[in-house]
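Just coords04.cif here, mmCIF, C-alpha atoms and all ligand atoms:
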data_coords
#
loop_
_atom_site.label_atom_id
_atom_site.label_comp_id
_atom_site.auth_asym_id
_atom_site.auth_seq_id
_atom_site.Cartn_x
_atom_site.Cartn_y
_atom_site.Cartn_z
CA MET A 12 132.94 97.08 99.67
CA THR A 13 135.00 99.58 97.67
CA PRO A 14 135.56 102.96 99.42
CA PHE A 15 133.34 105.80 98.20
CA ALA A 16 132.62 109.48 98.88
CA TYR A 17 129.20 110.34 100.34
CA HIS A 18 127.19 113.55 99.80
CA LEU A 19 123.77 114.36 101.19
CA ALA A 20 121.93 116.41 98.54
CA GLN A 21 120.08 119.44 99.88
CA ASP A 22 117.96 120.07 96.78
CA VAL A 23 117.46 118.88 93.21
CA PRO A 24 119.99 121.25 91.52
CA SER A 25 122.75 120.31 93.95
CA ALA A 26 121.97 116.58 93.56
CA VAL A 27 122.29 116.85 89.79
CA ALA A 28 125.42 119.02 90.05
CA LEU A 29 127.04 116.50 92.42
CA ALA A 30 126.32 113.73 89.92
CA ARG A 31 128.14 115.54 87.16
CA GLN A 32 131.76 114.55 87.59
CA PRO A 33 134.23 112.20 85.95
CA ARG A 34 133.97 109.62 88.74
CA THR A 35 131.31 106.88 88.86
CA VAL A 36 128.34 108.36 90.70
CA ARG A 37 125.13 106.75 91.93
CA PHE A 38 122.13 108.39 93.52
CA LEU A 39 121.31 106.71 96.83
CA GLY A 40 117.70 106.12 97.87
CA GLY A 41 116.98 103.74 100.73
CA GLY A 42 119.99 101.68 99.65
CA THR A 43 118.03 98.40 99.91
CA ASN A 44 119.26 97.32 96.49
CA LEU A 45 122.29 99.50 95.78
CA VAL A 46 124.09 98.81 99.07
CA ASP A 47 123.61 95.04 98.59
CA LEU A 48 125.14 95.36 95.13
CA MET A 49 128.02 97.42 96.54
CA ARG A 50 128.69 94.79 99.21
CA GLU A 51 128.99 92.18 96.45
CA THR A 52 131.17 94.64 94.45
CA ILE A 53 128.76 94.33 91.51
CA GLU A 54 128.24 98.08 91.78
CA GLN A 55 131.38 100.06 92.64
CA PRO A 56 130.44 103.75 92.68
CA GLU A 57 133.15 106.17 93.70
CA VAL A 58 130.57 108.74 94.82
CA LEU A 59 127.13 108.34 96.39
CA VAL A 60 124.68 111.25 96.27
CA ASP A 61 122.03 110.61 98.92
CA VAL A 62 118.68 111.89 97.60
CA THR A 63 116.47 110.78 100.49
CA GLY A 64 116.21 114.40 101.68
CA LEU A 65 114.42 115.49 98.49
CA SER A 66 110.66 115.65 98.01
CA THR A 67 108.53 113.01 99.71
CA ASP A 68 105.29 114.88 98.94
CA ILE A 69 102.25 112.96 97.73
CA THR A 70 99.92 115.53 96.22
CA ALA A 71 96.54 115.18 94.54
CA THR A 72 96.48 116.87 91.12
CA SER A 73 93.59 118.84 89.64
CA ASP A 74 92.63 116.06 87.17
CA GLY A 75 92.10 113.53 89.96
CA GLY A 76 95.60 112.13 89.62
CA VAL A 77 98.52 112.23 92.00
CA ARG A 78 102.14 113.42 92.01
CA ILE A 79 104.58 111.50 94.19
CA GLY A 80 108.00 112.84 95.17
CA ALA A 81 110.76 110.37 94.25
CA ALA A 82 112.03 110.22 97.84
CA ALA A 83 108.62 109.11 99.18
CA LYS A 84 108.96 105.78 100.94
CA ASN A 85 107.18 102.77 99.46
CA SER A 86 105.26 102.32 102.73
CA ALA A 87 104.06 105.96 102.72
CA VAL A 88 102.78 105.66 99.14
CA ALA A 89 100.96 102.40 99.94
CA ALA A 90 99.33 103.99 102.99
CA ASP A 91 98.29 107.24 101.32
CA ARG A 92 94.50 107.61 101.43
CA HIS A 93 94.14 109.23 98.00
CA ILE A 94 96.20 106.45 96.39
CA ARG A 95 94.31 103.69 98.20
CA GLU A 96 90.97 105.16 97.09
CA ARG A 97 91.82 106.24 93.53
CA PHE A 98 94.57 103.78 92.54
CA PRO A 99 94.24 100.65 94.70
CA MET A 100 96.34 98.61 92.24
CA LEU A 101 99.33 100.77 93.18
CA ALA A 102 98.85 100.35 96.93
CA LEU A 103 98.32 96.60 96.50
CA ALA A 104 101.41 96.27 94.29
CA LEU A 105 103.56 98.06 96.84
CA LEU A 106 102.20 96.03 99.76
CA SER A 107 102.94 92.80 97.88
CA GLY A 108 106.63 93.70 97.60
CA ALA A 109 109.53 92.91 99.93
CA SER A 110 108.81 93.32 103.68
CA GLY A 111 107.49 96.08 105.93
CA GLN A 112 111.03 97.00 106.98
CA ILE A 113 112.28 97.24 103.39
CA ARG A 114 109.24 99.25 102.28
CA ASN A 115 109.95 101.69 105.13
CA MET A 116 113.42 102.30 103.65
CA ALA A 117 112.81 101.96 99.90
CA THR A 118 112.01 105.07 97.87
CA VAL A 119 109.94 105.49 94.72
CA GLY A 120 113.00 106.54 92.66
CA GLY A 121 115.03 103.57 93.90
CA ASN A 122 112.19 101.14 93.30
CA ILE A 123 111.96 102.25 89.67
CA LEU A 124 115.70 101.77 89.06
CA GLN A 125 116.24 98.64 91.18
CA ARG A 126 118.27 95.99 89.35
CA THR A 127 117.18 92.48 88.36
CA ARG A 128 117.17 89.63 90.89
CA CYS A 129 118.63 87.12 88.37
CA GLY A 130 120.93 84.93 90.48
CA TYR A 131 123.62 84.89 87.79
CA PHE A 132 123.79 88.70 87.85
CA TYR A 133 124.59 88.56 91.58
CA ASP A 134 127.09 85.68 91.21
CA ARG A 135 130.44 87.05 90.13
CA ALA A 136 131.58 83.52 89.19
CA ALA A 137 128.81 83.25 86.57
CA ARG A 138 128.72 84.68 83.06
CA CYS A 139 126.37 87.65 82.79
CA ASN A 140 126.06 90.07 79.87
CA LYS A 141 124.30 92.55 82.12
CA ARG A 142 127.20 92.67 84.59
CA GLN A 143 129.94 92.27 82.00
CA PRO A 144 128.88 92.99 78.39
CA GLY A 145 129.98 90.23 76.01
CA ALA A 146 130.61 87.67 78.77
CA GLY A 147 127.67 85.42 77.89
CA CYS A 148 124.58 84.40 79.87
CA ASP A 149 124.57 81.40 82.20
CA ALA A 150 120.83 81.75 82.85
CA ILE A 151 119.81 80.70 79.34
CA ASP A 152 120.94 77.09 79.91
CA GLY A 153 120.92 77.29 83.69
CA LEU A 154 118.33 77.60 86.43
CA ASN A 155 115.81 79.85 84.72
CA ARG A 156 112.53 79.20 86.48
CA ASN A 157 112.16 82.89 87.42
CA HIS A 158 113.23 84.30 84.08
CA ALA A 159 111.57 86.14 81.20
CA VAL A 160 109.15 84.66 78.68
CA LEU A 161 108.40 87.88 76.78
CA GLY A 162 110.80 90.27 75.03
CA ALA A 163 113.96 88.39 76.06
CA SER A 164 117.03 88.08 73.82
CA PRO A 165 119.88 85.60 73.30
CA ALA A 166 121.95 87.96 75.48
CA CYS A 167 119.66 88.17 78.52
CA VAL A 168 116.56 86.55 79.99
CA ALA A 169 116.44 88.49 83.27
CA THR A 170 113.23 90.05 84.54
CA HIS A 171 112.55 93.43 86.11
CA PRO A 172 111.64 92.73 89.73
CA SER A 173 109.48 95.72 90.69
CA ASP A 174 105.82 95.28 91.62
CA MET A 175 105.23 99.02 91.89
CA CYS A 176 106.38 99.62 88.32
CA VAL A 177 103.82 97.17 86.94
CA ALA A 178 101.01 99.24 88.45
CA LEU A 179 102.66 102.48 87.30
CA ALA A 180 102.94 101.13 83.74
CA ALA A 181 99.25 100.18 83.73
CA LEU A 182 98.29 103.62 85.08
CA ASP A 183 100.14 105.57 82.34
CA ALA A 184 102.44 107.11 84.94
CA ILE A 185 104.87 109.82 83.85
CA VAL A 186 108.33 110.06 85.38
CA HIS A 187 109.69 113.58 85.94
CA VAL A 188 113.44 113.69 85.46
CA GLN A 189 115.98 116.44 86.07
CA GLY A 190 119.22 116.34 84.07
CA PRO A 191 122.19 118.70 84.13
CA GLU A 192 120.86 120.72 81.18
CA ALA A 193 117.09 120.34 81.38
CA ALA A 194 114.09 118.65 82.92
CA ARG A 195 112.11 116.12 80.92
CA THR A 196 109.34 113.58 81.32
CA VAL A 197 109.37 109.91 80.31
CA ALA A 198 106.38 107.57 80.29
CA LEU A 199 107.06 104.81 82.85
CA ALA A 200 106.13 102.25 80.19
CA ASP A 201 108.98 103.60 78.00
CA LEU A 202 111.57 104.09 80.74
CA HIS A 203 112.91 100.54 81.02
CA ARG A 204 114.45 98.79 78.00
CA LEU A 205 114.18 95.29 76.60
CA PRO A 206 117.60 93.62 76.70
CA GLY A 207 118.42 93.24 72.99
CA GLU A 208 122.19 92.99 72.58
CA ARG A 209 122.89 95.41 75.45
CA PRO A 210 121.19 94.14 78.61
CA ASP A 211 123.60 96.26 80.65
CA ILE A 212 121.65 99.32 79.45
CA GLU A 213 118.48 98.87 81.44
CA HIS A 214 116.68 102.18 81.01
CA VAL A 215 116.70 105.39 78.99
CA LEU A 216 118.02 107.70 81.73
CA GLY A 217 121.54 109.06 81.78
CA PRO A 218 123.75 108.48 84.84
CA ASP A 219 123.36 112.13 85.86
CA GLU A 220 119.59 112.24 85.42
CA LEU A 221 117.66 112.30 88.68
CA ILE A 222 114.12 110.99 89.06
CA VAL A 223 112.32 113.83 90.82
CA ALA A 224 108.70 112.66 90.88
CA VAL A 225 106.14 110.32 89.37
CA GLU A 226 102.79 111.59 88.19
CA ILE A 227 99.71 109.44 87.63
CA PRO A 228 96.96 111.04 85.54
CA GLY A 229 93.38 110.90 86.76
CA LEU A 230 91.59 107.69 85.68
CA PRO A 231 88.21 107.36 87.40
CA PHE A 232 87.76 103.64 86.72
CA ALA A 233 91.12 102.89 88.37
CA ALA A 234 89.27 103.26 91.67
CA ALA A 235 88.18 99.63 91.17
CA SER A 236 91.58 98.42 89.97
CA THR A 237 93.58 95.55 91.41
CA TYR A 238 96.99 93.86 91.50
CA ARG A 239 97.47 90.11 91.75
CA LYS A 240 100.91 88.64 92.37
CA VAL A 241 101.54 84.91 91.97
CA ARG A 242 104.69 83.75 93.76
CA ASP A 243 106.27 80.78 95.50
CA ARG A 244 105.59 82.09 99.03
CA SER A 245 102.67 84.22 100.15
CA SER A 246 105.01 87.01 101.26
CA TYR A 247 108.60 88.13 100.84
CA ALA A 248 109.00 86.66 97.35
CA PHE A 249 109.34 88.17 93.91
CA ALA A 250 106.58 87.64 91.34
CA LEU A 251 106.51 84.61 89.10
CA VAL A 252 103.73 86.44 87.30
CA SER A 253 101.79 89.51 88.34
CA VAL A 254 98.88 91.38 86.80
CA ALA A 255 97.81 94.99 87.33
CA ALA A 256 94.38 95.67 85.89
CA ALA A 257 91.58 98.21 85.73
CA LEU A 258 88.38 97.58 83.81
CA ASP A 259 85.61 99.95 82.77
CA ILE A 260 82.44 98.16 81.68
CA GLU A 261 79.25 99.74 80.34
CA ASP A 262 76.20 97.78 79.16
CA GLY A 263 78.20 94.56 79.13
CA LEU A 264 80.94 96.01 76.88
CA VAL A 265 84.50 96.88 77.83
CA ARG A 266 84.61 100.66 77.50
CA ASP A 267 88.24 100.90 78.61
CA VAL A 268 90.92 98.75 80.21
CA ARG A 269 94.46 99.03 81.60
CA LEU A 270 96.58 95.92 81.89
CA ALA A 271 100.24 95.29 82.70
CA LEU A 272 102.28 92.23 83.67
CA GLY A 273 105.20 91.69 86.00
CA GLY A 274 107.68 88.83 86.38
CA VAL A 275 107.62 88.01 82.67
CA ALA A 276 110.01 90.46 80.98
CA HIS A 277 113.07 92.69 81.32
CA LYS A 278 110.64 95.58 81.91
CA PRO A 279 107.15 96.05 83.30
CA TRP A 280 105.07 94.65 80.44
CA ARG A 281 102.16 96.79 79.31
CA ALA A 282 99.66 94.44 77.67
CA TRP A 283 98.86 96.64 74.69
CA LYS A 284 97.63 93.76 72.48
CA ALA A 285 95.18 92.47 75.07
CA GLU A 286 93.91 95.98 75.78
CA ALA A 287 93.31 96.66 72.06
CA LEU A 288 91.33 93.42 71.68
CA LEU A 289 89.22 94.09 74.74
CA ARG A 290 88.19 97.70 74.07
CA GLY A 291 84.62 97.63 72.74
CA ALA A 292 84.29 93.85 73.12
CA PRO A 293 81.70 92.08 75.30
CA ALA A 294 83.07 91.60 78.82
CA THR A 295 82.95 87.81 78.72
CA GLN A 296 85.24 85.12 80.07
CA ALA A 297 85.87 83.92 76.50
CA ASN A 298 87.07 87.38 75.46
CA PHE A 299 89.24 87.74 78.57
CA GLN A 300 90.88 84.40 77.72
CA ALA A 301 91.32 85.37 74.07
CA ALA A 302 92.94 88.68 75.01
CA ALA A 303 95.28 86.92 77.44
CA GLY A 304 96.17 84.38 74.76
CA ALA A 305 96.94 87.13 72.25
CA GLU A 306 99.22 88.92 74.71
CA LEU A 307 101.20 85.73 75.38
CA ALA A 308 101.21 84.54 71.75
CA ASP A 309 104.88 85.47 71.25
CA ALA A 310 106.04 84.16 74.63
CA ILE A 311 108.97 81.74 74.62
CA GLY A 312 109.68 79.40 77.51
CA LEU A 313 113.13 78.22 78.59
CA ARG A 314 113.89 74.88 80.26
CA ASP A 315 112.29 75.75 83.61
CA ASN A 316 109.94 78.68 83.08
CA GLY A 317 107.48 77.53 80.39
CA PHE A 318 104.81 77.26 83.10
CA LYS A 319 104.80 81.07 83.36
CA ILE A 320 103.13 81.36 79.95
CA GLU A 321 100.04 79.43 80.99
CA LEU A 322 100.17 80.99 84.46
CA ALA A 323 100.14 84.48 82.94
CA ARG A 324 97.26 83.61 80.62
CA ARG A 325 95.15 82.23 83.44
CA THR A 326 95.99 85.02 85.85
CA ILE A 327 95.04 87.73 83.35
CA ALA A 328 91.72 86.03 82.58
CA ALA A 329 90.93 85.43 86.26
CA VAL A 330 91.77 88.99 87.30
CA LEU A 331 89.64 90.48 84.52
CA ALA A 332 86.73 88.16 85.39
CA ASN A 333 86.92 89.21 89.03
CA LEU A 334 86.96 92.88 88.12
CA ALA A 335 84.01 92.37 85.75
CA ASN A 336 82.04 90.64 88.53
CA GLN A 337 82.78 93.48 90.95
CA THR A 338 81.78 96.08 88.38
CA GLY A 339 78.54 94.17 87.70
CA ALA A 340 77.83 93.91 91.43
CA ARG A 341 78.21 97.68 91.86
CA ALA A 342 75.99 98.56 88.85
C1 LIG B 401 114.96 90.81 100.48
C2 LIG B 401 114.32 91.72 99.48
C3 LIG B 401 113.08 91.40 98.95
C4 LIG B 401 112.49 92.25 98.01
N1 LIG B 401 111.26 91.92 97.48
C5 LIG B 401 110.69 92.74 96.55
C6 LIG B 401 109.44 92.42 95.95
O1 LIG B 401 108.82 91.40 96.24
N2 LIG B 401 108.93 93.29 95.03
C7 LIG B 401 109.59 94.43 94.69
O2 LIG B 401 109.07 95.19 93.88
N3 LIG B 401 110.77 94.74 95.22
C8 LIG B 401 111.33 93.93 96.14
N4 LIG B 401 112.55 94.22 96.66
C9 LIG B 401 113.30 95.33 96.10
C10 LIG B 401 112.99 96.64 96.75
O3 LIG B 401 111.70 97.06 96.38
C11 LIG B 401 114.05 97.62 96.23
O4 LIG B 401 115.29 97.23 96.81
C12 LIG B 401 113.72 99.05 96.58
O5 LIG B 401 112.50 99.46 96.03
C13 LIG B 401 114.81 99.97 96.07
O6 LIG B 401 114.58 101.27 96.58
P1 LIG B 401 115.74 102.06 97.33
O7 LIG B 401 115.24 103.43 97.61
O8 LIG B 401 116.27 101.30 98.49
O9 LIG B 401 116.82 102.08 96.15
P2 LIG B 401 118.39 102.11 96.21
O10 LIG B 401 118.90 100.76 96.56
O11 LIG B 401 118.87 103.26 97.02
O12 LIG B 401 118.71 102.44 94.67
C14 LIG B 401 118.36 101.55 93.62
C15 LIG B 401 118.82 102.18 92.30
O13 LIG B 401 118.06 103.35 92.03
C16 LIG B 401 118.92 104.47 91.84
N5 LIG B 401 118.20 105.64 92.37
C17 LIG B 401 117.68 105.77 93.61
N6 LIG B 401 116.97 106.93 93.69
C18 LIG B 401 117.06 107.53 92.47
C19 LIG B 401 116.53 108.74 91.92
N7 LIG B 401 115.74 109.56 92.63
N8 LIG B 401 116.84 109.05 90.64
C20 LIG B 401 117.63 108.22 89.90
N9 LIG B 401 118.15 107.06 90.37
C21 LIG B 401 117.85 106.71 91.63
C22 LIG B 401 120.19 104.12 92.58
O14 LIG B 401 121.31 104.82 92.06
C23 LIG B 401 120.28 102.63 92.33
O15 LIG B 401 120.83 102.39 91.06
C24 LIG B 401 113.15 93.43 97.62
C25 LIG B 401 114.38 93.76 98.16
C26 LIG B 401 114.98 92.91 99.08
C27 LIG B 401 116.31 93.29 99.65
#
Produce structure tokens that represent the structure in this file.
Amino acid sequence: MTPFAYHLAQDVPSAVALARQPRTVRFLGGGTNLVDLMRETIEQPEVLVDVTGLSTDITATSDGGVRIGAAAKNSAVAADRHIRERFPMLALALLSGASGQIRNMATVGGNILQRTRCGYFYDRAARCNKRQPGAGCDAIDGLNRNHAVLGASPACVATHPSDMCVALAALDAIVHVQGPEAARTVALADLHRLPGERPDIEHVLGPDELIVAVEIPGLPFAAASTYRKVRDRSSYAFALVSVAAALDIEDGLVRDVRLALGGVAHKPWRAWKAEALLRGAPATQANFQAAAGAELADAIGLRDNGFKIELARRTIAAVLANLANQTGARA
């Protein structure tokens, strides 16, 4: 590991001020991803600004939503009663990720900005455009079973690994950010980038912009939402495909829907096409399958990961059918 300076931030202004210097600075959350990357010398910050002392508050908002401090631990968010009752898809997504020990360390801010788990990114002997722009990508013709089928590019086929972010994308979460000059908000669904020609640029935040909080607006029908993660092992494995969904049905018609996918793209994938097809349509299995098919219509499989396309289609349709049955049972 390369030597680095360490600062414990006392508040948001001092964290942002500490990040504003000519040296390479990284904010430090639980360190469950960043410290691994530093050990492998893939990340080599000269300065770490520890932000775990900042807000961990989880506060209900007046519209029935919730605001979560960026230093809140993943385990605390998953256990929060308001979140479990109002936004079960978020609690389920968090509980499906990593292990209890890691969730006790990992923060919301760090979870959002965790890096891909593509094996070639972690292997310094491999070519990786994300690690070294212009180097090439060994995943494209390599072992790519876990890689992206939507929104990938000839430069990068890595996926974003977060479960939490898939739920946040579906729930229209807003990320509150503090920069050196001003505060701003970014929709979670717009925060991460598709790879294009610059997969090394993974999100729209500057290096000195601090995630301060995440806010989820009130969404009454999210109280019956869910998250399904399909993976190789039943725990401690990243998603092959995951689906976060909430469905509002009235008189047999889909009044509203929220749908996002994980494990399939360089960012949490909000299923805008499927949502648009479903709104106002009869809540039938045929329509759920058609919407899933439309969302995956542009998917492209590589040598090993073509199965994800069918897996995603089936998982979307099955999750929506389950939610529809539950909604019918409650009516
Ligand atoms: C073995 C293992 C299995 C895992 N399995 C899963 C899984 O199944 N699903 C899943 O979703 N995740 C999984 N993870 C990943 C885990 O969720 C992340 O490592 C964790 O969420 C990162 O949070 P952290 O606070 O430790 O971030 P850190 O490692 O501290 O930081 C990660 C990044 O975020 C930046 N950062 C941190 N806080 C802020 C902030 N407030 N503002 C701006 N930037 C910030 C850091 O600079 C760094 O770039 C796994 C991890 C491991 C090690």
Can you build me a table of chain A residues sitting at most 6 Å from ligand LIG 401 (chain B), with the closest atom pair per residue and its distance in Å to one decimal, using only C-alpha atoms and all ligand atoms, sorted by chain and residue number, as a tab-separated table?
residue	atom	partner	partner_atom	distance
A:Arg37	CA	B:LIG401	O14	4.3
A:Phe38	CA	B:LIG401	O14	3.9
A:Leu39	CA	B:LIG401	O11	4.2
A:Gly40	CA	B:LIG401	O11	3.2
A:Gly41	CA	B:LIG401	O8	3.4
A:Gly42	CA	B:LIG401	O11	3.3
A:Thr43	CA	B:LIG401	O8	3.7
A:Asn44	CA	B:LIG401	O10	3.5
A:Leu45	CA	B:LIG401	O10	3.7
A:Ala81	CA	B:LIG401	N7	5.3
A:Gly108	CA	B:LIG401	O1	3.5
A:Ala109	CA	B:LIG401	N1	3.2
A:Met116	CA	B:LIG401	O8	6.0
A:Ala117	CA	B:LIG401	O7	3.6
A:Thr118	CA	B:LIG401	O7	3.6
A:Gly120	CA	B:LIG401	N7	4.1
A:Gly121	CA	B:LIG401	O9	3.2
A:Asn122	CA	B:LIG401	O5	3.2
A:Leu124	CA	B:LIG401	O13	4.1
A:Gln125	CA	B:LIG401	C14	4.3
A:Pro172	CA	B:LIG401	O2	5.5
A:Ser173	CA	B:LIG401	O2	3.3
A:Asp174	CA	B:LIG401	O2	4.0
A:Met175	CA	B:LIG401	O2	5.8
A:Leu221	CA	B:LIG401	N8	3.9
A:Ile222	CA	B:LIG401	N8	3.7
A:Val223	CA	B:LIG401	N7	5.8
A:Tyr247	CA	B:LIG401	O1	5.6
A:Ala248	CA	B:LIG401	O1	4.9
A:Phe249	CA	B:LIG401	O1	4.0
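Separating CA of Glu54 (chain A) from CA of Ala224 (chain A) is a distance of 24.4 Å.
Relative to CA of Lys141 (chain A), CA of Gly312 (chain A) is found at 20.2 Å.
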Per-residue nearest contacts of region 163-257 of chain A to region 89-107 of chain A (12 Å; all atoms listed in the file) as CSV:
residue,atom,partner,partner_atom,distance
A:Pro172,CA,A:Ala104,CA,11.7
A:Ser173,CA,A:Leu105,CA,8.9
A:Asp174,CA,A:Ala104,CA,5.2
A:Met175,CA,A:Ala104,CA,5.3
A:Cys176,CA,A:Ala104,CA,8.5
A:Val177,CA,A:Ala104,CA,7.8
A:Ala178,CA,A:Leu101,CA,5.2
A:Leu179,CA,A:Leu101,CA,7.0
A:Ala180,CA,A:Leu101,CA,10.1
A:Ala181,CA,A:Met100,CA,9.1
A:Leu182,CA,A:Phe98,CA,8.3
A:Asp183,CA,A:Phe98,CA,11.8
A:Ala184,CA,A:Leu101,CA,10.9
A:Glu226,CA,A:Ile94,CA,11.7
A:Ile227,CA,A:Phe98,CA,9.1
A:Pro228,CA,A:Phe98,CA,10.4
A:Gly229,CA,A:Arg97,CA,8.4
A:Leu230,CA,A:Arg97,CA,8.0
A:Pro231,CA,A:Arg97,CA,7.2
A:Phe232,CA,A:Arg97,CA,8.3
A:Ala233,CA,A:Phe98,CA,5.5
A:Ala234,CA,A:Arg97,CA,4.3
A:Ala235,CA,A:Pro99,CA,7.1
A:Ser236,CA,A:Met100,CA,5.3
A:Thr237,CA,A:Met100,CA,4.2
A:Tyr238,CA,A:Met100,CA,4.9
A:Arg239,CA,A:Ala104,CA,7.7
A:Lys240,CA,A:Ser107,CA,7.2
A:Val241,CA,A:Ser107,CA,10.0
A:Arg242,CA,A:Ser107,CA,10.1
A:Arg244,CA,A:Ser107,CA,11.1
A:Ser245,CA,A:Ser107,CA,8.9
A:Ser246,CA,A:Ser107,CA,7.0
A:Tyr247,CA,A:Ser107,CA,7.9
A:Ala248,CA,A:Ser107,CA,8.6
A:Phe249,CA,A:Ser107,CA,8.8
A:Ala250,CA,A:Ser107,CA,9.1
A:Ser253,CA,A:Ala104,CA,9.0
A:Val254,CA,A:Ala104,CA,9.3
A:Ala255,CA,A:Met100,CA,6.3
A:Ala256,CA,A:Met100,CA,7.3
A:Ala257,CA,A:Met100,CA,8.1
Report as a list of chain:residue names all protein, DNA and RNA residues lying within 12 Å of Tyr17 (chain A), evaluated on only C-alpha atoms, omitting residues in the same chain fewer than 3 positions from it. A:Pro14, A:Ala20, A:Ala26, A:Leu29, A:Ala30, A:Val36, A:Arg37, A:Phe38, A:Leu39, A:Pro56, A:Glu57, A:Val58, A:Leu59, A:Val60, A:Asp61, A:Val62
Taking all atoms of region 28-34 of chain A that the file lists, what box with edges along x, y and z, padded by 8 Å per side, do you get, with centre and edge lengths in Å to one decimal, as AutoDock Vina command-line options?
--center_x 129.8 --center_y 114.3 --center_z 89.2 --size_x 24.8 --size_y 25.4 --size_z 22.5
What separation in Å, quoted to one decimal, exists between CA of Gly217 (chain A) and CA of Val197 (chain A)?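 Between these atoms lies a distance of 12.3 Å.
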Can you give me N, CA and C atoms for region 284-301 of chain A, written as a PDB file, keeping the file's coordinate frame?
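Saved the output as rebuild_22.pdb:
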ATOM      1  N   LYS A 284      98.418  94.592  73.413  1.00  0.00           N
ATOM      2  CA  LYS A 284      97.630  93.760  72.480  1.00  0.00           C
ATOM      3  C   LYS A 284      96.314  93.351  73.139  1.00  0.00           C
ATOM      4  N   ALA A 285      96.399  92.909  74.366  1.00  0.00           N
ATOM      5  CA  ALA A 285      95.180  92.470  75.070  1.00  0.00           C
ATOM      6  C   ALA A 285      94.223  93.651  75.231  1.00  0.00           C
ATOM      7  N   GLU A 286      94.777  94.799  75.602  1.00  0.00           N
ATOM      8  CA  GLU A 286      93.910  95.980  75.780  1.00  0.00           C
ATOM      9  C   GLU A 286      93.177  96.313  74.475  1.00  0.00           C
ATOM     10  N   ALA A 287      93.917  96.290  73.351  1.00  0.00           N
ATOM     11  CA  ALA A 287      93.310  96.660  72.060  1.00  0.00           C
ATOM     12  C   ALA A 287      92.183  95.694  71.706  1.00  0.00           C
ATOM     13  N   LEU A 288      92.380  94.400  71.990  1.00  0.00           N
ATOM     14  CA  LEU A 288      91.330  93.420  71.680  1.00  0.00           C
ATOM     15  C   LEU A 288      90.101  93.607  72.554  1.00  0.00           C
ATOM     16  N   LEU A 289      90.332  94.020  73.791  1.00  0.00           N
ATOM     17  CA  LEU A 289      89.220  94.090  74.740  1.00  0.00           C
ATOM     18  C   LEU A 289      88.355  95.339  74.556  1.00  0.00           C
ATOM     19  N   ARG A 290      88.972  96.461  74.157  1.00  0.00           N
ATOM     20  CA  ARG A 290      88.190  97.700  74.070  1.00  0.00           C
ATOM     21  C   ARG A 290      87.022  97.533  73.087  1.00  0.00           C
ATOM     22  N   GLY A 291      85.822  97.739  73.577  1.00  0.00           N
ATOM     23  CA  GLY A 291      84.620  97.630  72.740  1.00  0.00           C
ATOM     24  C   GLY A 291      84.044  96.227  72.672  1.00  0.00           C
ATOM     25  N   ALA A 292      84.761  95.249  73.208  1.00  0.00           N
ATOM     26  CA  ALA A 292      84.290  93.850  73.120  1.00  0.00           C
ATOM     27  C   ALA A 292      83.389  93.521  74.313  1.00  0.00           C
ATOM     28  N   PRO A 293      82.493  92.536  74.143  1.00  0.00           N
ATOM     29  CA  PRO A 293      81.700  92.080  75.300  1.00  0.00           C
ATOM     30  C   PRO A 293      82.615  91.604  76.423  1.00  0.00           C
ATOM     31  N   ALA A 294      82.244  91.958  77.657  1.00  0.00           N
ATOM     32  CA  ALA A 294      83.070  91.600  78.820  1.00  0.00           C
ATOM     33  C   ALA A 294      82.769  90.174  79.241  1.00  0.00           C
ATOM     34  N   THR A 295      83.233  89.220  78.445  1.00  0.00           N
ATOM     35  CA  THR A 295      82.950  87.810  78.720  1.00  0.00           C
ATOM     36  C   THR A 295      84.243  87.078  79.056  1.00  0.00           C
ATOM     37  N   GLN A 296      84.076  85.940  79.731  1.00  0.00           N
ATOM     38  CA  GLN A 296      85.240  85.120  80.070  1.00  0.00           C
ATOM     39  C   GLN A 296      85.978  84.697  78.807  1.00  0.00           C
ATOM     40  N   ALA A 297      85.221  84.359  77.749  1.00  0.00           N
ATOM     41  CA  ALA A 297      85.870  83.920  76.500  1.00  0.00           C
ATOM     42  C   ALA A 297      86.746  85.036  75.941  1.00  0.00           C
ATOM     43  N   ASN A 298      86.261  86.277  75.994  1.00  0.00           N
ATOM     44  CA  ASN A 298      87.070  87.380  75.460  1.00  0.00           C
ATOM     45  C   ASN A 298      88.266  87.680  76.367  1.00  0.00           C
ATOM     46  N   PHE A 299      88.096  87.532  77.667  1.00  0.00           N
ATOM     47  CA  PHE A 299      89.240  87.740  78.570  1.00  0.00           C
ATOM     48  C   PHE A 299      90.334  86.695  78.256  1.00  0.00           C
ATOM     49  N   GLN A 300      89.895  85.455  78.029  1.00  0.00           N
ATOM     50  CA  GLN A 300      90.880  84.400  77.720  1.00  0.00           C
ATOM     51  C   GLN A 300      91.542  84.656  76.366  1.00  0.00           C
ATOM     52  N   ALA A 301      90.751  85.106  75.398  1.00  0.00           N
ATOM     53  CA  ALA A 301      91.320  85.370  74.070  1.00  0.00           C
ATOM     54  C   ALA A 301      92.337  86.502  74.125  1.00  0.00           C
TER      55      ALA A 301
END
